[in-house]
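Asks: The structure's right below; bear with me while I get my questions together.
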Amino acid sequence: MAQRLGVEPGMVVQEIGYGDESVRKSAAEAGGQALVDVDYDDLVDVVLLWFRDDEGELVDALVDTMPGLAENSIVWVPTPKSGRDGSMEPSDISDAAVTAGLAQTSSIGAAPDWTGTLLASAKAARSRR
């Protein structure tokens, strides 16, 4: 799973919120270190922002991640799959990303109950296509 998330050895992965344990474990193992939390005060390579529709405004949560992002950092937004409590419309995620200054690049099945949406800076997103 971590390979699909783009986590490589030495990368710092920040987790915000909570979600699937197998994804968390895979990301930590691939990066070679424990995941850091919201209180981490240095730059990160990957953010796992677990988010549910009833947890407030996604755009606010995305903007809160911005100070910790390096130039080529990526943000994964795992949300419950369609039809499950807390699921979100893909267009709502895309709109929040644009408002926060990010671009949606792809989506994957992150775990049995989760869909992961990949966001990156607009510049990094163009280079990934």
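Numbering starts fresh at 1 for the residues of each chain in the structure tokens, the chains themselves are lettered A, B, ... in the order given, and ligands are numbered from 1 as they appear.
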Among chain A, which ones does DSSP place in alpha helix (DSSP H), written as a ChimeraX atom specification?
Replies: /A:2-5,21-31,58-65,90-100,122-128
Asks: Using only C-alpha atoms, which residue out of A:Gln33, A:Thr117, A:Ser26, A:Ser107 lies closest to Val77 (chain A)?
Replies: A:Thr117
Asks: Which polymer residues have any atom within 10 Å of an atom of Tyr18 (chain A), counting only C-alpha atoms, with same-chain residues fewer than 3 positions away left out, as an NGL selection string?
Replies: :A and (15 or 21 or 24 or 48-51 or 78)
Asks: Check the smallest atom-to-atom distance from each of A:Ala97, A:Ala120, A:Ala111, A:Leu58 to Ala70 (chain A) using only C-alpha atoms, then report the winner.
Replies: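 Of A:Ala97, A:Ala120, A:Ala111, A:Leu58, the one nearest Ala70 (chain A), counting only C-alpha atoms, is A:Ala120.
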Asks: Nearest residue to Arg84 (chain A) out of A:Ala103, A:Gly17, A:Leu43, A:Pro112, using only C-alpha atoms?
Replies: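 Among the listed residues, the smallest separation from Arg84 (chain A) belongs to A:Pro112.
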Asks: Which value, in Å to one decimal, gives the distance between CA of Ala27 (chain A) and CA of Thr115 (chain A)?
Replies: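 Separating CA of Ala27 (chain A) from CA of Thr115 (chain A) is a distance of 15.7 Å.
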